Amino acid sequence: MILGRRIMNALAFKTIFVLAVLCSLASRQAMAQVNDSIPFLYRGHIFIHSIINDSVDSNVIYDTGAANMYGVDSVFLEQSKWRPEHLGNAFTGGAAGRTKVRIITDNTKVDIGNITDRYGIVPIFKLRDVVDCHVDGIWGIKNIADFPFEINFEHSYLKQHKTGMPSLDGYQKLPIRYENNKMMLQAEIHMGGTVVKGWYLIDTGGGGSVDFTANTVKEYRLDSIPGKRYITDIAQYGIGDKEQEWYVDMMSDMIVIGEDTIRRKSVSYFPEGVGAYSDRPYLGTIGNNVWSKYNMIFDAKNNVLWLRRFKPDRPQRPVYDFGFRNRTDICRGWIVSWMTREGDAVKAGMELGDTITAVNGRNVSNFTWDEEYDIDNNPRLHLDVVGTNGKEKHIILESKERW
């Protein structure tokens, strides 16, 4: 099939850009071998360079909720030079329920920094439908209880401490539960006189702050707590077969983790949540919007988390009431993936599934990853959009204080 010139140029730019990112990560990784640390890029998720079977570069998300697993994205696999010999099928669960996936059953070698692991099963997910085209796979370290494991957001690296614990000056010691490859800790979320206290899943695969399960919504009657709320519709919010979900945002008074307190942080809940947000042995998940304020050292063998805060609370800033996923790997632009009901974007005529092709007169395929990630810093956006019906529209939006 012959691709149009515009799509070919977009794909060419994307290929060059992703290779540049991977080379940058690989260079930093080589330099980090002196102290065995694994550098990462933080873009809401923890992105790490990995090498499959000594020859295939990939950009993977580190996810504490995916312990002992290495999975790859379906589009990445098709576009890469990796050609697995043995494939099968399996069922897997995630934030959006359960779904059937293909699996690679070859003996697959994966190198990430100084860590080398082999996987007899590598699931193939539609990860880019959930995140965006920057992700090629997902990784959860094997046998995390063997050695203390550090996530250092302050200096952007991961590290297995094979020679013993590092200095713990300034860290607080918190009990955790490490069960079924999941890590949980106790926290308190205060909202309008209600305290939701108990065990929460530590989720570095999530880019949010606190997301409550449907069971917690009912048990604590979260819908009855006074305060402003926003309802948001989102497409494919996680791995699973539920293609569309809705959630509610509200402002917390404080989030208490051990001796530390984060004030005035928005939190979310899923009234009809499935999968990871249904009936679970935890009240909700705590994601990177919280953890990125800390350095973390997991001693899973002894059920201990060492935590040190380095980033202070910051005031709320103006935001937009829609979001997108960059899919220039398969189409002309950024696909609108979530929208606040009755928000400015909805009123301006934007719909889920629309494709943003240009921002402020500039083709989105020419945006760097940093520029894309910081798009909310623009006080006004002039958007060229192609609707799901193929019709073009021009939308102007301004960022606003939400709370």
# chains A, B, ... in the order shown; residues from 1 in each chain; ligands from 1
$ closest_atom_pairs --of "segment 302-342 of chain A" --to "segment 271-293 of chain A" --cutoff "7 Å" --atoms "only C-alpha atoms" --output "tab-separated table"
residue	atom	partner	partner_atom	distance
A:Arg309	CA	A:Lys293	CA	5.9
A:Phe310	CA	A:Lys293	CA	6.0
A:Lys311	CA	A:Lys293	CA	4.8
$ select_by_dssp --residues "segment 128-167 of chain A" --states "strand (DSSP E or B)" --output "list in words"
Gly137, Ile138, Trp139, Phe149, Glu150, Ile151, Asn152, Tyr157, Leu158, Lys159 and Gln160 of chain A
$ write_last_selection --atoms "N, CA, C and O atoms" --output "short mmCIF file (atom, residue, chain, number, x, y, z; two decimals), in the first residue's frame"
data_model
loop_
_atom_site.label_atom_id
_atom_site.label_comp_id
_atom_site.auth_asym_id
_atom_site.auth_seq_id
_atom_site.Cartn_x
_atom_site.Cartn_y
_atom_site.Cartn_z
N GLY A 137 6.29 -0.91 25.47
CA GLY A 137 6.06 -2.07 26.31
C GLY A 137 5.88 -1.68 27.76
O GLY A 137 5.89 -0.48 28.11
N ILE A 138 5.73 -2.67 28.61
CA ILE A 138 5.53 -2.46 30.04
C ILE A 138 6.39 -3.48 30.79
O ILE A 138 6.53 -4.63 30.36
N TRP A 139 6.97 -3.03 31.91
CA TRP A 139 7.91 -3.88 32.64
C TRP A 139 7.68 -3.76 34.14
O TRP A 139 7.51 -2.67 34.67
N PHE A 149 14.99 -2.15 46.28
CA PHE A 149 14.83 -1.55 44.96
C PHE A 149 14.43 -0.09 45.12
O PHE A 149 13.49 0.23 45.83
N GLU A 150 15.16 0.80 44.45
CA GLU A 150 14.96 2.24 44.60
C GLU A 150 14.35 2.86 43.35
O GLU A 150 14.75 2.57 42.23
N ILE A 151 13.35 3.71 43.57
CA ILE A 151 12.83 4.60 42.53
C ILE A 151 13.14 6.02 42.97
O ILE A 151 12.56 6.52 43.93
N ASN A 152 14.07 6.66 42.29
CA ASN A 152 14.53 7.99 42.67
C ASN A 152 14.00 9.00 41.67
O ASN A 152 14.57 9.22 40.60
N TYR A 157 16.23 7.91 38.34
CA TYR A 157 16.85 6.60 38.12
C TYR A 157 16.19 5.54 38.99
O TYR A 157 15.58 5.82 40.02
N LEU A 158 16.33 4.28 38.53
CA LEU A 158 15.96 3.09 39.30
C LEU A 158 17.25 2.38 39.68
O LEU A 158 18.26 2.48 38.99
N LYS A 159 17.20 1.60 40.77
CA LYS A 159 18.40 0.87 41.14
C LYS A 159 18.08 -0.31 42.05
O LYS A 159 17.32 -0.17 43.01
N GLN A 160 18.65 -1.46 41.71
CA GLN A 160 18.66 -2.62 42.60
C GLN A 160 19.89 -2.51 43.49
O GLN A 160 21.01 -2.41 42.98
#
$ residues_around --residues "Ile104 of chain A" --least-positions-apart "4" --cutoff "10 Å" --atoms "only C-alpha atoms" --output "number ranges by chain"
A: 71-72, 83-89, 108, 119-124
$ write_last_selection --atoms "N, CA and C atoms" --output "CSV table (one decimal), in the first residue's frame"
chain,number,residue,atom,x,y,z
A,71,GLY,N,5.8,-7.0,28.9
A,71,GLY,CA,4.8,-7.1,27.8
A,71,GLY,C,5.1,-6.1,26.8
A,72,VAL,N,4.6,-6.3,25.5
A,72,VAL,CA,4.9,-5.3,24.4
A,72,VAL,C,3.6,-4.9,23.8
A,83,ARG,N,10.6,-10.8,15.1
A,83,ARG,CA,9.6,-11.7,14.5
A,83,ARG,C,9.6,-13.0,15.4
A,84,PRO,N,8.7,-13.0,16.4
A,84,PRO,CA,8.6,-14.2,17.3
A,84,PRO,C,8.2,-15.4,16.5
A,85,GLU,N,8.7,-16.6,16.9
A,85,GLU,CA,8.4,-17.8,16.2
A,85,GLU,C,7.2,-18.5,16.8
A,86,HIS,N,6.9,-18.4,18.1
A,86,HIS,CA,5.8,-19.1,18.7
A,86,HIS,C,4.8,-18.2,19.4
A,87,LEU,N,3.6,-18.3,19.0
A,87,LEU,CA,2.5,-17.4,19.6
A,87,LEU,C,1.4,-18.2,20.1
A,88,GLY,N,0.7,-17.7,21.1
A,88,GLY,CA,-0.5,-18.3,21.7
A,88,GLY,C,-1.5,-17.3,22.1
A,89,ASN,N,-2.4,-17.7,22.9
A,89,ASN,CA,-3.5,-16.8,23.4
A,89,ASN,C,-3.7,-17.0,24.9
A,108,THR,N,12.4,-15.3,25.7
A,108,THR,CA,12.8,-13.9,25.3
A,108,THR,C,13.7,-13.3,26.3
A,119,TYR,N,12.0,-14.3,29.8
A,119,TYR,CA,10.6,-14.5,29.9
A,119,TYR,C,10.1,-15.6,29.0
A,120,GLY,N,9.4,-16.6,29.5
A,120,GLY,CA,8.9,-17.6,28.7
A,120,GLY,C,7.6,-17.2,28.1
A,121,ILE,N,6.9,-16.2,28.7
A,121,ILE,CA,5.7,-15.6,28.1
A,121,ILE,C,5.8,-14.1,28.1
A,122,VAL,N,5.5,-13.5,26.9
A,122,VAL,CA,5.5,-12.1,26.8
A,122,VAL,C,4.1,-11.7,26.2
A,123,PRO,N,3.2,-11.1,27.0
A,123,PRO,CA,1.9,-10.8,26.4
A,123,PRO,C,2.0,-9.6,25.5
A,124,ILE,N,1.1,-9.6,24.5
A,124,ILE,CA,1.0,-8.5,23.5
A,124,ILE,C,-0.2,-7.7,23.8
$ closest_atom_pairs --of "segment 70-166 of chain A" --to "segment 356-369 of chain A" --cutoff "12 Å" --atoms "only C-alpha atoms" --output "Markdown table"
| residue | atom | partner | partner_atom | distance |
| --- | --- | --- | --- | --- |
| A:Asp132 | CA | A:Trp369 | CA | 11.2 |
| A:Cys133 | CA | A:Trp369 | CA | 10.5 |
| A:His134 | CA | A:Trp369 | CA | 8.5 |
| A:Val135 | CA | A:Trp369 | CA | 11.9 |
$ atom_distance --atom1 "atom CA of Ile52 of chain A" --atom2 "atom CA of Asp36 of chain A"
19.2 Å
$ closest_residue --among "A:Asp241, A:Glu401, A:Glu154, A:Asp211" --to "Met296 of chain A" --atoms "only C-alpha atoms"
A:Glu154
$ residues_around --residues "Asn53 of chain A" --least-positions-apart "2" --cutoff "10 Å" --atoms "only C-alpha atoms" --output "MDAnalysis selection string"
chainID A and resid 50:51 55:57 82 107:111 118
$ decode --residues "segment 110-125 of chain A" --atoms "all heavy atoms" --output "mmCIF file, in the first residue's frame"
data_model
loop_
_atom_site.group_PDB
_atom_site.id
_atom_site.type_symbol
_atom_site.label_atom_id
_atom_site.label_comp_id
_atom_site.auth_asym_id
_atom_site.auth_seq_id
_atom_site.Cartn_x
_atom_site.Cartn_y
_atom_site.Cartn_z
ATOM 1 N N VAL A 110 15.578 -10.011 27.896
ATOM 2 C CA VAL A 110 15.369 -8.573 28.019
ATOM 3 C C VAL A 110 16.464 -7.980 28.895
ATOM 4 O O VAL A 110 16.700 -8.452 30.017
ATOM 5 C CB VAL A 110 13.994 -8.247 28.629
ATOM 6 C CG1 VAL A 110 13.834 -6.746 28.806
ATOM 7 C CG2 VAL A 110 12.871 -8.813 27.757
ATOM 8 N N ASP A 111 17.148 -6.949 28.372
ATOM 9 C CA ASP A 111 18.168 -6.231 29.132
ATOM 10 C C ASP A 111 17.658 -4.830 29.447
ATOM 11 O O ASP A 111 17.283 -4.078 28.549
ATOM 12 C CB ASP A 111 19.470 -6.123 28.328
ATOM 13 C CG ASP A 111 20.173 -7.466 28.188
ATOM 14 O OD1 ASP A 111 20.657 -7.978 29.207
ATOM 15 O OD2 ASP A 111 20.216 -7.976 27.052
ATOM 16 N N ILE A 112 17.667 -4.484 30.734
ATOM 17 C CA ILE A 112 17.307 -3.144 31.190
ATOM 18 C C ILE A 112 18.391 -2.712 32.165
ATOM 19 O O ILE A 112 18.471 -3.204 33.291
ATOM 20 C CB ILE A 112 15.925 -3.120 31.862
ATOM 21 C CG1 ILE A 112 14.846 -3.551 30.859
ATOM 22 C CG2 ILE A 112 15.622 -1.735 32.422
ATOM 23 C CD1 ILE A 112 13.455 -3.624 31.432
ATOM 24 N N GLY A 113 19.254 -1.795 31.710
ATOM 25 C CA GLY A 113 20.385 -1.413 32.542
ATOM 26 C C GLY A 113 21.249 -2.620 32.849
ATOM 27 O O GLY A 113 21.633 -3.383 31.956
ATOM 28 N N ASN A 114 21.547 -2.829 34.124
ATOM 29 C CA ASN A 114 22.358 -3.974 34.537
ATOM 30 C C ASN A 114 21.518 -5.192 34.876
ATOM 31 O O ASN A 114 22.028 -6.180 35.396
ATOM 32 C CB ASN A 114 23.219 -3.590 35.755
ATOM 33 C CG ASN A 114 22.369 -3.326 36.995
ATOM 34 O OD1 ASN A 114 21.265 -2.807 36.887
ATOM 35 N ND2 ASN A 114 22.894 -3.680 38.157
ATOM 36 N N ILE A 115 20.227 -5.135 34.572
ATOM 37 C CA ILE A 115 19.324 -6.249 34.858
ATOM 38 C C ILE A 115 19.048 -7.012 33.571
ATOM 39 O O ILE A 115 18.636 -6.437 32.563
ATOM 40 C CB ILE A 115 17.995 -5.746 35.463
ATOM 41 C CG1 ILE A 115 18.253 -5.037 36.786
ATOM 42 C CG2 ILE A 115 17.011 -6.896 35.647
ATOM 43 C CD1 ILE A 115 17.017 -4.393 37.387
ATOM 44 N N THR A 116 19.287 -8.323 33.594
ATOM 45 C CA THR A 116 18.972 -9.202 32.475
ATOM 46 C C THR A 116 18.009 -10.274 32.956
ATOM 47 O O THR A 116 18.285 -10.972 33.936
ATOM 48 C CB THR A 116 20.240 -9.868 31.906
ATOM 49 O OG1 THR A 116 21.127 -8.866 31.400
ATOM 50 C CG2 THR A 116 19.885 -10.827 30.779
ATOM 51 N N ASP A 117 16.882 -10.386 32.273
ATOM 52 C CA ASP A 117 15.887 -11.401 32.634
ATOM 53 C C ASP A 117 15.435 -12.125 31.381
ATOM 54 O O ASP A 117 15.539 -11.601 30.267
ATOM 55 C CB ASP A 117 14.675 -10.762 33.326
ATOM 56 C CG ASP A 117 14.933 -10.445 34.786
ATOM 57 O OD1 ASP A 117 15.541 -11.291 35.474
ATOM 58 O OD2 ASP A 117 14.554 -9.346 35.222
ATOM 59 N N ARG A 118 14.913 -13.325 31.586
ATOM 60 C CA ARG A 118 14.330 -14.092 30.485
ATOM 61 C C ARG A 118 12.869 -14.378 30.809
ATOM 62 O O ARG A 118 12.527 -14.669 31.958
ATOM 63 C CB ARG A 118 15.111 -15.385 30.250
ATOM 64 C CG ARG A 118 16.515 -15.134 29.701
ATOM 65 C CD ARG A 118 17.227 -16.410 29.315
ATOM 66 N NE ARG A 118 18.534 -16.141 28.738
ATOM 67 C CZ ARG A 118 18.752 -15.894 27.462
ATOM 68 N NH1 ARG A 118 17.723 -15.899 26.613
ATOM 69 N NH2 ARG A 118 19.961 -15.653 27.014
ATOM 70 N N TYR A 119 12.037 -14.299 29.771
ATOM 71 C CA TYR A 119 10.601 -14.477 29.945
ATOM 72 C C TYR A 119 10.103 -15.557 28.992
ATOM 73 O O TYR A 119 10.318 -15.473 27.784
ATOM 74 C CB TYR A 119 9.865 -13.163 29.680
ATOM 75 C CG TYR A 119 10.239 -12.062 30.636
ATOM 76 C CD1 TYR A 119 11.367 -11.265 30.386
ATOM 77 C CD2 TYR A 119 9.502 -11.815 31.784
ATOM 78 C CE1 TYR A 119 11.723 -10.247 31.267
ATOM 79 C CE2 TYR A 119 9.855 -10.811 32.670
ATOM 80 C CZ TYR A 119 10.967 -10.026 32.404
ATOM 81 O OH TYR A 119 11.338 -9.033 33.278
ATOM 82 N N GLY A 120 9.434 -16.561 29.539
ATOM 83 C CA GLY A 120 8.858 -17.617 28.716
ATOM 84 C C GLY A 120 7.550 -17.192 28.081
ATOM 85 O O GLY A 120 7.117 -17.765 27.076
ATOM 86 N N ILE A 121 6.912 -16.176 28.667
ATOM 87 C CA ILE A 121 5.665 -15.638 28.127
ATOM 88 C C ILE A 121 5.756 -14.115 28.092
ATOM 89 O O ILE A 121 6.064 -13.485 29.103
ATOM 90 C CB ILE A 121 4.445 -16.060 28.973
ATOM 91 C CG1 ILE A 121 4.242 -17.577 28.906
ATOM 92 C CG2 ILE A 121 3.181 -15.337 28.506
ATOM 93 C CD1 ILE A 121 3.113 -18.076 29.787
ATOM 94 N N VAL A 122 5.519 -13.546 26.921
ATOM 95 C CA VAL A 122 5.483 -12.086 26.751
ATOM 96 C C VAL A 122 4.125 -11.723 26.171
ATOM 97 O O VAL A 122 3.853 -11.998 25.002
ATOM 98 C CB VAL A 122 6.606 -11.591 25.825
ATOM 99 C CG1 VAL A 122 6.474 -10.089 25.576
ATOM 100 C CG2 VAL A 122 7.979 -11.913 26.412
ATOM 101 N N PRO A 123 3.215 -11.137 26.963
ATOM 102 C CA PRO A 123 1.904 -10.751 26.430
ATOM 103 C C PRO A 123 2.011 -9.578 25.466
ATOM 104 O O PRO A 123 2.886 -8.719 25.605
ATOM 105 C CB PRO A 123 1.106 -10.381 27.683
ATOM 106 C CG PRO A 123 2.124 -10.062 28.715
ATOM 107 C CD PRO A 123 3.339 -10.882 28.405
ATOM 108 N N ILE A 124 1.111 -9.553 24.494
ATOM 109 C CA ILE A 124 1.050 -8.472 23.509
ATOM 110 C C ILE A 124 -0.214 -7.659 23.796
ATOM 111 O O ILE A 124 -1.333 -8.139 23.621
ATOM 112 C CB ILE A 124 1.013 -9.037 22.074
ATOM 113 C CG1 ILE A 124 2.211 -9.960 21.827
ATOM 114 C CG2 ILE A 124 0.990 -7.894 21.051
ATOM 115 C CD1 ILE A 124 2.106 -10.754 20.534
ATOM 116 N N PHE A 125 -0.019 -6.426 24.258
ATOM 117 C CA PHE A 125 -1.131 -5.559 24.627
ATOM 118 C C PHE A 125 -1.338 -4.459 23.587
ATOM 119 O O PHE A 125 -0.450 -4.167 22.786
ATOM 120 C CB PHE A 125 -0.859 -4.878 25.975
ATOM 121 C CG PHE A 125 -0.669 -5.811 27.121
ATOM 122 C CD1 PHE A 125 0.544 -5.845 27.810
ATOM 123 C CD2 PHE A 125 -1.687 -6.650 27.533
ATOM 124 C CE1 PHE A 125 0.727 -6.690 28.892
ATOM 125 C CE2 PHE A 125 -1.518 -7.508 28.615
ATOM 126 C CZ PHE A 125 -0.304 -7.517 29.292
#
